[in-house]
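S.K.: Just one file: data_3.cif, with mmCIF, C-alpha atoms.
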```cif
data_final
#
loop_
_atom_site.label_atom_id
_atom_site.label_comp_id
_atom_site.auth_asym_id
_atom_site.auth_seq_id
_atom_site.Cartn_x
_atom_site.Cartn_y
_atom_site.Cartn_z
CA MET A 1 -32.11 -34.76 -75.67
CA SER A 2 -33.55 -32.13 -73.35
CA ALA A 3 -32.02 -33.12 -70.02
CA VAL A 4 -28.43 -31.99 -69.52
CA GLU A 5 -26.23 -35.11 -69.44
CA LEU A 6 -23.56 -35.37 -66.74
CA ILE A 7 -20.86 -38.03 -66.67
CA ASP A 8 -17.86 -38.87 -64.53
CA VAL A 9 -14.82 -36.82 -65.46
CA LEU A 10 -13.18 -38.38 -68.52
CA PRO A 11 -9.69 -39.74 -67.82
CA GLN A 12 -8.11 -37.48 -70.46
CA HIS A 13 -9.65 -34.42 -68.78
CA SER A 14 -8.97 -35.26 -65.14
CA PHE A 15 -6.93 -32.91 -62.98
CA ASN A 16 -6.08 -32.32 -59.34
CA GLU A 17 -9.47 -31.53 -57.83
CA SER A 18 -8.00 -30.79 -54.42
CA ALA A 19 -5.87 -28.04 -55.97
CA LEU A 20 -8.99 -26.57 -57.56
CA TRP A 21 -10.91 -26.61 -54.28
CA ARG A 22 -8.03 -24.85 -52.51
CA TYR A 23 -7.91 -22.17 -55.21
CA LEU A 24 -11.68 -21.58 -55.25
CA ASP A 25 -11.91 -21.50 -51.47
CA GLY A 26 -10.04 -18.23 -51.47
CA THR A 27 -11.28 -16.64 -54.69
CA LEU A 28 -14.90 -17.64 -55.43
CA ALA A 29 -17.62 -16.08 -53.29
CA GLY A 30 -20.21 -18.66 -52.26
CA PHE A 31 -17.93 -21.64 -52.78
CA GLU A 32 -17.66 -24.18 -49.96
CA THR A 33 -16.64 -27.76 -49.50
CA PRO A 34 -17.42 -30.58 -49.73
CA ALA A 35 -17.65 -30.10 -53.50
CA ARG A 36 -18.23 -32.62 -56.26
CA LEU A 37 -17.01 -32.41 -59.84
CA SER A 38 -18.76 -33.98 -62.84
CA GLN A 39 -18.40 -33.38 -66.57
CA PHE A 40 -21.00 -32.24 -69.08
CA GLN A 41 -21.32 -34.64 -72.00
CA GLY A 42 -21.46 -32.85 -75.34
CA GLY A 43 -19.51 -29.92 -76.67
CA GLN A 44 -16.49 -30.58 -78.77
CA SER A 45 -13.97 -27.99 -77.72
CA ASN A 46 -13.45 -26.80 -74.16
CA PRO A 47 -14.19 -29.41 -71.46
CA THR A 48 -16.99 -28.19 -69.20
CA PHE A 49 -17.67 -29.31 -65.64
CA LEU A 50 -20.35 -28.91 -62.97
CA ILE A 51 -19.15 -27.97 -59.51
CA ALA A 52 -21.79 -28.93 -56.93
CA THR A 53 -21.46 -27.59 -53.38
CA PRO A 54 -23.89 -27.93 -50.47
CA GLN A 55 -25.57 -24.61 -51.35
CA ARG A 56 -24.55 -23.59 -54.89
CA ARG A 57 -23.77 -24.89 -58.34
CA PHE A 58 -21.11 -23.45 -60.61
CA VAL A 59 -19.81 -24.32 -64.07
CA LEU A 60 -16.11 -24.52 -64.95
CA ARG A 61 -14.81 -24.24 -68.53
CA LYS A 62 -11.19 -25.03 -69.27
CA LYS A 63 -8.85 -25.52 -72.16
CA PRO A 64 -8.27 -29.16 -73.16
CA PRO A 65 -4.89 -30.74 -72.48
CA GLY A 66 -2.30 -31.41 -75.13
CA HIS A 67 -1.06 -29.51 -78.15
CA LEU A 68 -3.58 -26.89 -79.30
CA LEU A 69 -3.95 -25.16 -82.64
CA PRO A 70 -3.10 -21.44 -82.66
CA SER A 71 -6.00 -19.16 -81.57
CA ALA A 72 -8.12 -22.16 -80.52
CA HIS A 73 -9.77 -22.88 -77.13
CA LEU A 74 -9.51 -19.31 -75.90
CA VAL A 75 -11.50 -19.52 -72.67
CA GLU A 76 -10.12 -16.09 -71.85
CA ARG A 77 -12.20 -14.65 -74.70
CA GLU A 78 -15.31 -16.51 -73.54
CA PHE A 79 -14.91 -15.03 -70.07
CA ARG A 80 -14.44 -11.54 -71.45
CA VAL A 81 -17.54 -11.57 -73.65
CA LEU A 82 -19.70 -12.97 -70.83
CA ARG A 83 -18.53 -10.17 -68.56
CA ALA A 84 -19.21 -7.54 -71.23
CA LEU A 85 -22.75 -8.82 -71.87
CA GLU A 86 -23.83 -8.98 -68.23
CA SER A 87 -25.33 -5.49 -68.38
CA GLN A 88 -26.95 -5.93 -71.81
CA ALA A 89 -30.08 -7.66 -73.06
CA VAL A 90 -28.40 -10.88 -74.24
CA PRO A 91 -29.15 -13.72 -71.79
CA VAL A 92 -25.82 -15.11 -70.53
CA PRO A 93 -24.61 -16.78 -67.33
CA ARG A 94 -22.79 -14.57 -64.86
CA ALA A 95 -19.02 -15.09 -65.10
CA TYR A 96 -17.21 -14.98 -61.74
CA LEU A 97 -13.49 -15.52 -62.20
CA LEU A 98 -10.80 -16.32 -64.74
CA CYS A 99 -7.64 -18.22 -63.80
CA GLU A 100 -4.86 -18.05 -66.37
CA ASP A 101 -2.27 -19.80 -64.17
CA PRO A 102 -1.71 -23.36 -65.50
CA ALA A 103 -0.16 -24.33 -62.18
CA VAL A 104 -3.63 -24.64 -60.60
CA ILE A 105 -5.24 -27.39 -62.74
CA GLY A 106 -2.96 -27.56 -65.77
CA THR A 107 -4.70 -25.10 -68.11
CA ALA A 108 -6.49 -21.76 -67.99
CA PHE A 109 -10.13 -21.92 -66.86
CA TYR A 110 -13.03 -19.75 -65.79
CA VAL A 111 -16.02 -20.24 -63.50
CA MET A 112 -19.54 -19.02 -64.21
CA ASP A 113 -22.98 -19.39 -62.74
CA HIS A 114 -24.95 -22.57 -63.34
CA VAL A 115 -28.17 -21.78 -65.22
CA ALA A 116 -30.87 -24.41 -64.80
CA GLY A 117 -32.86 -25.44 -67.83
CA ARG A 118 -33.00 -27.74 -70.83
CA VAL A 119 -30.60 -28.25 -73.72
CA PHE A 120 -31.97 -29.57 -77.02
CA THR A 121 -29.46 -31.25 -79.30
CA ASN A 122 -32.04 -32.59 -81.77
CA VAL A 123 -33.15 -29.68 -83.97
CA ALA A 124 -36.42 -31.49 -84.76
CA LEU A 125 -37.34 -31.05 -81.06
CA PRO A 126 -39.20 -34.38 -80.69
CA ASP A 127 -39.91 -33.70 -77.00
CA LEU A 128 -41.97 -30.59 -77.79
CA ALA A 129 -45.39 -30.01 -79.31
CA PRO A 130 -45.62 -28.09 -82.63
CA PRO A 131 -46.58 -24.74 -81.03
CA GLU A 132 -43.65 -25.05 -78.61
CA ARG A 133 -41.26 -25.83 -81.45
CA ARG A 134 -42.29 -22.72 -83.32
CA ALA A 135 -42.08 -20.59 -80.18
CA LEU A 136 -38.57 -21.82 -79.39
CA TYR A 137 -37.27 -21.22 -82.92
CA GLU A 138 -38.79 -17.76 -82.91
CA ASP A 139 -37.23 -16.94 -79.55
CA ALA A 140 -33.83 -18.26 -80.62
CA VAL A 141 -33.75 -15.99 -83.66
CA ARG A 142 -34.89 -13.08 -81.47
CA VAL A 143 -31.89 -13.73 -79.20
CA LEU A 144 -29.56 -13.91 -82.21
CA ALA A 145 -30.74 -10.46 -83.24
CA LEU A 146 -30.09 -9.26 -79.67
CA ILE A 147 -26.50 -10.47 -79.92
CA HIS A 148 -26.00 -8.57 -83.16
CA GLY A 149 -27.59 -5.49 -81.64
CA ALA A 150 -25.39 -5.51 -78.53
CA ASP A 151 -23.19 -2.48 -77.93
CA TRP A 152 -19.82 -4.07 -78.67
CA ARG A 153 -18.05 -0.76 -78.24
CA SER A 154 -18.83 -1.01 -74.52
CA GLY A 155 -16.18 -3.41 -73.26
CA LEU A 156 -15.44 -5.20 -76.55
CA ALA A 157 -14.11 -2.46 -78.81
CA ASP A 158 -10.80 -4.32 -79.17
CA PHE A 159 -12.34 -7.81 -79.10
CA GLY A 160 -11.67 -8.22 -82.80
CA LYS A 161 -10.83 -6.21 -85.86
CA PRO A 162 -13.94 -4.37 -87.09
CA GLU A 163 -13.08 -4.79 -90.77
CA ARG A 164 -12.43 -7.56 -93.34
CA TYR A 165 -14.13 -10.17 -91.15
CA VAL A 166 -14.92 -12.59 -93.97
CA ALA A 167 -11.47 -12.42 -95.54
CA ARG A 168 -9.80 -12.94 -92.18
CA GLN A 169 -12.11 -15.83 -91.30
CA LEU A 170 -11.37 -17.50 -94.62
CA GLU A 171 -7.67 -17.21 -93.94
CA ARG A 172 -7.98 -18.45 -90.36
CA TRP A 173 -10.17 -21.46 -91.00
CA SER A 174 -8.32 -22.46 -94.16
CA LYS A 175 -5.13 -22.59 -92.10
CA GLN A 176 -6.88 -24.45 -89.28
CA TYR A 177 -8.33 -26.97 -91.72
CA LEU A 178 -5.03 -27.59 -93.46
CA ALA A 179 -3.24 -27.89 -90.10
CA SER A 180 -5.66 -30.61 -88.98
CA GLN A 181 -6.25 -32.27 -92.37
CA THR A 182 -6.12 -36.06 -92.31
CA GLU A 183 -7.12 -36.81 -95.92
CA ASP A 184 -7.65 -35.08 -99.25
CA HIS A 185 -11.22 -33.91 -99.84
CA ARG A 186 -11.86 -32.31 -103.21
CA SER A 187 -15.10 -30.51 -102.24
CA MET A 188 -13.38 -28.65 -99.41
CA MET A 189 -10.53 -27.47 -101.61
CA GLN A 190 -12.97 -26.33 -104.33
CA LEU A 191 -15.14 -24.59 -101.74
CA MET A 192 -12.19 -22.69 -100.28
CA GLU A 193 -11.18 -21.55 -103.77
CA TRP A 194 -14.75 -20.41 -104.63
CA LEU A 195 -15.11 -18.48 -101.39
CA GLN A 196 -11.83 -16.67 -101.90
CA ALA A 197 -13.02 -15.54 -105.33
CA ASN A 198 -16.47 -14.38 -104.16
CA VAL A 199 -15.93 -12.42 -100.93
CA PRO A 200 -18.61 -9.66 -100.72
CA GLN A 201 -17.18 -6.17 -100.93
CA ALA A 202 -19.69 -4.66 -98.51
CA ASP A 203 -18.70 -4.93 -94.85
CA GLU A 204 -20.43 -4.42 -91.50
CA THR A 205 -19.57 -5.13 -87.91
CA THR A 206 -21.47 -6.49 -84.92
CA LEU A 207 -20.68 -8.88 -82.12
CA VAL A 208 -21.07 -12.39 -83.55
CA HIS A 209 -21.38 -15.61 -81.55
CA GLY A 210 -19.69 -17.84 -84.11
CA ASP A 211 -21.46 -21.08 -83.12
CA PHE A 212 -25.08 -20.07 -82.58
CA ARG A 213 -27.34 -23.16 -82.61
CA LEU A 214 -29.95 -24.83 -80.43
CA GLY A 215 -27.38 -27.03 -78.72
CA ASN A 216 -25.63 -23.95 -77.35
CA LEU A 217 -28.78 -22.52 -75.76
CA ILE A 218 -30.26 -23.20 -72.35
CA VAL A 219 -34.04 -23.23 -72.53
CA ASP A 220 -36.35 -22.48 -69.62
CA SER A 221 -37.44 -25.64 -67.81
CA ARG A 222 -41.14 -24.97 -68.42
CA ALA A 223 -41.44 -22.60 -71.37
CA PRO A 224 -39.94 -22.52 -74.90
CA ARG A 225 -37.80 -19.51 -74.01
CA VAL A 226 -34.03 -19.04 -74.18
CA VAL A 227 -32.55 -18.24 -70.75
CA ALA A 228 -28.82 -18.39 -71.57
CA VAL A 229 -26.47 -18.50 -74.56
CA LEU A 230 -23.37 -20.65 -74.03
CA ASP A 231 -20.08 -21.51 -75.78
CA TRP A 232 -18.70 -18.12 -76.79
CA GLU A 233 -15.27 -19.45 -77.75
CA LEU A 234 -15.66 -18.41 -81.40
CA ALA A 235 -17.21 -15.02 -80.64
CA THR A 236 -15.62 -12.00 -82.29
CA LEU A 237 -16.51 -8.83 -84.15
CA GLY A 238 -17.81 -9.72 -87.58
CA HIS A 239 -20.58 -9.81 -90.13
CA PRO A 240 -23.99 -10.71 -88.63
CA LEU A 241 -25.20 -12.56 -91.73
CA GLY A 242 -22.37 -15.05 -91.33
CA ASP A 243 -23.80 -15.82 -87.89
CA LEU A 244 -27.33 -16.08 -89.27
CA ALA A 245 -26.35 -18.42 -92.12
CA TYR A 246 -24.41 -20.61 -89.70
CA ALA A 247 -27.44 -20.79 -87.41
CA CYS A 248 -29.54 -22.03 -90.35
CA MET A 249 -27.22 -24.79 -91.60
CA PHE A 250 -29.31 -27.53 -90.00
CA TYR A 251 -32.00 -26.97 -92.64
CA ARG A 252 -29.65 -28.56 -95.19
CA PHE A 253 -28.06 -31.25 -93.04
CA PRO A 254 -29.62 -34.72 -93.39
CA GLN A 255 -31.70 -35.80 -90.43
CA ASN A 256 -29.57 -38.89 -89.79
CA GLN A 257 -26.37 -36.84 -89.64
CA MET A 258 -24.64 -36.75 -86.26
CA LEU A 259 -25.16 -33.05 -85.63
CA GLY A 260 -28.81 -33.38 -86.61
CA GLY A 261 -30.70 -31.82 -89.48
CA LEU A 262 -34.11 -31.08 -90.93
CA ALA A 263 -33.58 -31.93 -94.59
CA GLY A 264 -36.55 -33.93 -95.90
CA LEU A 265 -38.79 -33.39 -92.87
CA ASP A 266 -42.30 -31.92 -93.02
CA LEU A 267 -41.57 -28.65 -91.24
CA ALA A 268 -45.15 -27.38 -91.43
CA ALA A 269 -46.41 -30.50 -89.63
CA LEU A 270 -43.66 -30.16 -87.03
CA GLY A 271 -44.50 -26.51 -86.44
CA ILE A 272 -40.95 -25.42 -87.32
CA PRO A 273 -40.48 -22.29 -89.46
CA ASP A 274 -38.73 -23.01 -92.76
CA GLU A 275 -35.40 -21.36 -93.56
CA ARG A 276 -36.82 -18.39 -95.45
CA GLU A 277 -39.39 -17.73 -92.72
CA LEU A 278 -36.77 -17.91 -89.99
CA MET A 279 -34.50 -15.53 -91.86
CA GLU A 280 -37.39 -13.12 -92.37
CA LEU A 281 -38.13 -13.26 -88.63
CA TYR A 282 -34.50 -12.41 -87.99
CA ARG A 283 -34.60 -9.54 -90.50
CA ALA A 284 -37.62 -8.08 -88.69
CA HIS A 285 -36.03 -8.44 -85.23
CA ALA A 286 -32.76 -6.96 -86.47
CA ARG A 287 -34.62 -4.20 -88.32
CA ARG A 288 -32.67 -4.80 -91.51
CA PRO A 289 -34.01 -3.64 -94.88
CA ALA A 290 -32.66 -6.79 -96.58
CA LEU A 291 -30.44 -9.86 -96.18
CA GLU A 292 -27.64 -9.62 -98.75
CA HIS A 293 -25.22 -12.21 -100.20
CA LEU A 294 -26.99 -15.17 -98.60
CA LYS A 295 -25.55 -17.67 -101.08
CA PHE A 296 -22.03 -16.70 -100.12
CA PHE A 297 -22.71 -16.73 -96.38
CA ARG A 298 -24.44 -20.12 -96.57
CA ALA A 299 -21.47 -21.65 -98.39
CA PHE A 300 -19.09 -19.86 -96.03
CA SER A 301 -20.90 -21.36 -93.01
CA PHE A 302 -20.56 -24.92 -94.26
CA PHE A 303 -16.88 -24.25 -94.92
CA ARG A 304 -16.41 -23.07 -91.30
CA SER A 305 -18.33 -26.06 -90.01
CA ALA A 306 -16.16 -28.43 -92.01
CA ALA A 307 -12.99 -26.79 -90.69
CA ILE A 308 -14.23 -26.89 -87.09
CA CYS A 309 -15.31 -30.53 -87.32
CA GLN A 310 -12.03 -31.50 -88.90
CA GLY A 311 -10.22 -29.95 -85.94
CA VAL A 312 -12.40 -31.94 -83.52
CA TYR A 313 -11.63 -35.12 -85.45
CA ALA A 314 -7.90 -34.41 -85.38
CA ARG A 315 -8.07 -33.92 -81.58
CA ALA A 316 -9.95 -37.22 -81.30
CA LEU A 317 -7.08 -38.97 -83.08
CA GLN A 318 -4.73 -37.38 -80.54
CA GLY A 319 -6.97 -38.53 -77.69
CA ASN A 320 -7.82 -35.15 -76.15
CA ALA A 321 -11.20 -34.16 -77.65
CA ALA A 322 -13.90 -33.03 -75.20
CA ASP A 323 -16.62 -35.46 -76.35
CA ARG A 324 -16.63 -39.24 -76.61
CA ARG A 325 -18.29 -38.96 -80.05
CA ALA A 326 -15.58 -36.70 -81.46
CA SER A 327 -14.15 -39.39 -83.74
CA GLU A 328 -17.34 -39.19 -85.86
CA HIS A 329 -16.57 -35.61 -86.83
CA GLY A 330 -14.30 -36.60 -89.69
CA ARG A 331 -17.39 -37.77 -91.55
CA VAL A 332 -19.28 -34.62 -90.54
CA ALA A 333 -16.49 -32.47 -91.96
CA ARG A 334 -16.79 -34.24 -95.32
CA ILE A 335 -20.59 -33.86 -95.37
CA ALA A 336 -20.39 -30.15 -94.53
CA ALA A 337 -17.82 -29.54 -97.26
CA ASP A 338 -19.95 -31.40 -99.81
CA ILE A 339 -23.06 -29.39 -98.94
CA GLY A 340 -21.11 -26.15 -98.99
CA TRP A 341 -19.81 -26.89 -102.47
CA GLU A 342 -23.37 -27.74 -103.62
CA VAL A 343 -24.58 -24.39 -102.22
CA ALA A 344 -21.79 -22.54 -104.03
CA ASN A 345 -22.84 -24.12 -107.31
CA GLY A 346 -26.57 -23.53 -106.82
CA GLY A 347 -28.82 -20.50 -106.72
CA ASP A 348 -29.80 -18.36 -103.78
#
```
With the file now loaded, output its structure as C-alpha cells.
M.R.:
Amino acid sequence: MSAVELIDVLPQHSFNESALWRYLDGTLAGFETPARLSQFQGGQSNPTFLIATPQRRFVLRKKPPGHLLPSAHLVEREFRVLRALESQAVPVPRAYLLCEDPAVIGTAFYVMDHVAGRVFTNVALPDLAPPERRALYEDAVRVLALIHGADWRSGLADFGKPERYVARQLERWSKQYLASQTEDHRSMMQLMEWLQANVPQADETTLVHGDFRLGNLIVDSRAPRVVAVLDWELATLGHPLGDLAYACMFYRFPQNQMLGGLAGLDLAALGIPDERELMELYRAHARRPALEHLKFFRAFSFFRSAAICQGVYARALQGNAADRRASEHGRVARIAADIGWEVANGGD
C-alpha cells in the first residue's frame, strides 16, 4: 500500500468530537470549523486521526481507551521528541500542542502537522521500479543514521537513562510480554534466557526510534525520499545498533507474514539492497568503524518484536487495539520469537 488509508472512526476509539473542537478552537492556531474527523488505518498502538478543516489538515494521536500496561502508549514522550527534533536534521512533523487532561476527550493526546506523502507497508515495494526501491532503502538508512546522530543532549538529556540500555530493555519487555502472555511459547522463554546471558558489555548512547521501519515513514509523493518519521512512542536513549537490527528484521520475516518480509525473494532483481549491504550503508552514513555484536542485536530485535506484538494481541482480546487486524498479532509474536531463537543459535 502506498496511499494512506482513512476510515470512519472505529467505535472503540470514538469520543466527543464537539468537545475536541471546542478545545482546539481556543488553543490551536489555524484551526477552524467545520472540521471533520477520520481515523488512519494501520498502526497498532496509539489511535491516530486526521482533522480536516476548510484550510488546514492536522493529525491527532491519542492513547487508546481501557487498561494500559505500565509505560505503554506514552504520547507525551512522542510529543516531546518531535518538539526536540524540530530544529535538527531529522525529518519530523511539527508538533503543535499536547493535552494531558483526560476530561477533554477521555485520554491524553497531541496534535501535529499533517505531512502529505505516501506510506509503504509492503517492504518489497511492488508499486516502485527497482531503481526507486534502492533509492528509498538508501534514503531510509540515511535518515536512521541522522536520528542516531541527533544532539540528544539538546532537549532530551533526561529522555532516558544513558546507560545499561540493553539490560533495561530486556527487563522491560520481558515484563511486558509476561503481563500480556496468553499461552506458553518455548522459543520466547529460551530466547529471553539466552539474551540475559549474552548482554554485550560495551555500551553507547544515542537517540533511538525504537520502531524504525518503512511503515513508519512518510515518503515524498513523487520521489523515493523520506519526508517524515512517525510513531516515536518507543523512542528513548539507547544503543543505535539495536535500532539498526530492528530496522533490518524484515529480511528474515517470510514474505507471506502479516508484517511483510523479504525472505526468499530475489533482492537483486527487485533492486533492494541485501541486509549486509544495507548495514554497510548505515555504517558509512553513521561514520562507524565497525558494527559490533550483530548476532545479539538481531536476536534482541526479534525478542522486542515478539513482546510488542503479544501486547497488541492482548489488547485485541480486550477489544481496544488500534487496528482491525490486531488479532493476527498473536501469530506474529510466535513467528518473531521462533526466528529470534534461530538467530541466537546460528552464526553472525
S.K.: Smallest atom-to-atom distance to A:Leu125: which of A:Leu50, A:Arg283, A:Leu24, A:Leu214, using all atoms listed in the file?
M.R.: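 Counting all atoms listed in the file, the residue closest to A:Leu125 is A:Leu214.
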S.K.: Run the PyMOL selection byres ((chain A and resi 311) around 10) against the file shown and list the residues it catches, as a PyMOL selection string.
M.R.: chain A and resi 44-45+68-69+72+173+176-182+305-310+312-317+321+326+329-330+333
S.K.: If we count all atoms listed in the file and set the cut-off at 12 Å, which residues sit around A:Ile147, ignoring sequence neighbours fewer than 5 positions away in its own chain? Please answer as a VMD selection string.
M.R.: chain A and resid 81 to 82 84 to 85 88 to 92 140 to 142 152 205 to 210 212 228 to 229 232 235 to 240 243 to 244 282 285 to 286
S.K.: Taking the file as shown, what set of residues would the PyMOL selection byres ((chain A and resi 335) around 12) give back, as a short mmCIF file (atom, residue, chain, number, x, y, z; two decimals) with C-alpha atoms, keeping the file's coordinate frame?
M.R.:
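File written: expr_31.cif
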```cif
data_model
loop_
_atom_site.label_atom_id
_atom_site.label_comp_id
_atom_site.auth_asym_id
_atom_site.auth_seq_id
_atom_site.Cartn_x
_atom_site.Cartn_y
_atom_site.Cartn_z
CA HIS A 185 -11.22 -33.91 -99.84
CA ARG A 186 -11.86 -32.31 -103.21
CA SER A 187 -15.10 -30.51 -102.24
CA MET A 188 -13.38 -28.65 -99.41
CA MET A 249 -27.22 -24.79 -91.60
CA ARG A 252 -29.65 -28.56 -95.19
CA PHE A 253 -28.06 -31.25 -93.04
CA PRO A 254 -29.62 -34.72 -93.39
CA ASN A 256 -29.57 -38.89 -89.79
CA GLN A 257 -26.37 -36.84 -89.64
CA MET A 258 -24.64 -36.75 -86.26
CA LEU A 259 -25.16 -33.05 -85.63
CA GLY A 261 -30.70 -31.82 -89.48
CA PHE A 302 -20.56 -24.92 -94.26
CA PHE A 303 -16.88 -24.25 -94.92
CA SER A 305 -18.33 -26.06 -90.01
CA ALA A 306 -16.16 -28.43 -92.01
CA ALA A 307 -12.99 -26.79 -90.69
CA CYS A 309 -15.31 -30.53 -87.32
CA GLN A 310 -12.03 -31.50 -88.90
CA GLU A 328 -17.34 -39.19 -85.86
CA HIS A 329 -16.57 -35.61 -86.83
CA GLY A 330 -14.30 -36.60 -89.69
CA ARG A 331 -17.39 -37.77 -91.55
CA VAL A 332 -19.28 -34.62 -90.54
CA ALA A 333 -16.49 -32.47 -91.96
CA ARG A 334 -16.79 -34.24 -95.32
CA ALA A 336 -20.39 -30.15 -94.53
CA ALA A 337 -17.82 -29.54 -97.26
CA ASP A 338 -19.95 -31.40 -99.81
CA ILE A 339 -23.06 -29.39 -98.94
CA GLY A 340 -21.11 -26.15 -98.99
CA TRP A 341 -19.81 -26.89 -102.47
CA GLU A 342 -23.37 -27.74 -103.62
#
```
S.K.: Could you pull the residues within 7 Å of A:Cys99, counting all atoms listed in the file, minus those fewer than 6 positions along the same chain, as a ChimeraX atom specification?
M.R.: /A:108-110
S.K.: Take atom CA of A:Phe49 and atom CA of A:Val227 and report the distance between them in Å, one decimal.
M.R.: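 Calculated distance between atom CA of A:Phe49 and atom CA of A:Val227 is 19.2 Å.
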S.K.: Can you spell out as a PyMOL selection string the set of residues that the PyMOL selection byres ((chain A and resi 11-13) around 8) selects in the structure I just provided?
M.R.: chain A and resi 9-10+14-15+47+64-65+319-320+322
S.K.: Calculate how many Å separate atom CA of A:Glu17 from atom CA of A:Arg57, rounding to one decimal.
M.R.: 15.8 Å
S.K.: So which one's closest to A:Leu241, A:Glu86, A:Glu275, A:Glu204, A:Asp266? Using all atoms listed in the file, please.
M.R.: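 Ranking A:Glu86, A:Glu275, A:Glu204, A:Asp266 by distance to A:Leu241, first place goes to A:Glu204.
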S.K.: Atom CA of A:Thr33 and atom CA of A:Ala19 are how many Å apart?
M.R.: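 Pair atom CA of A:Thr33 / atom CA of A:Ala19 returns 12.6 Å.
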S.K.: Can you work out which one of A:Leu97, A:Ala344, A:Ala245, A:Ile105 has the shortest atom-to-atom distance to A:Ala197, counting all atoms listed in the file?
M.R.: A:Ala344
S.K.: Looking at only C-alpha atoms, which of A:Leu234, A:Leu278, A:Leu146, A:Val59 is the one that sits closest to A:Val75?
M.R.: A:Leu234
S.K.: Can you list, as a ChimeraX atom specification, every protein, DNA or RNA residue that comes within 12 Å of stretch 4-7 of chain A when you count all atoms listed in the file, leaving out same-chain residues fewer than 6 positions away?
M.R.: /A:13,37-43,47-52,59,114-121,215-219,221,323-324
S.K.: Here is a test: counting all atoms listed in the file, which residue of A:Glu32, A:Asp203, A:Glu132, A:Asp113 is nearest to A:Leu230?
M.R.: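 Ranking A:Glu32, A:Asp203, A:Glu132, A:Asp113 by distance to A:Leu230, first place goes to A:Asp113.
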S.K.: Would you mind telling me which residue in A:Phe79, A:Phe31, A:Trp194, A:Phe297 lies nearest to A:Ala247 when using all atoms listed in the file?
M.R.: A:Phe297
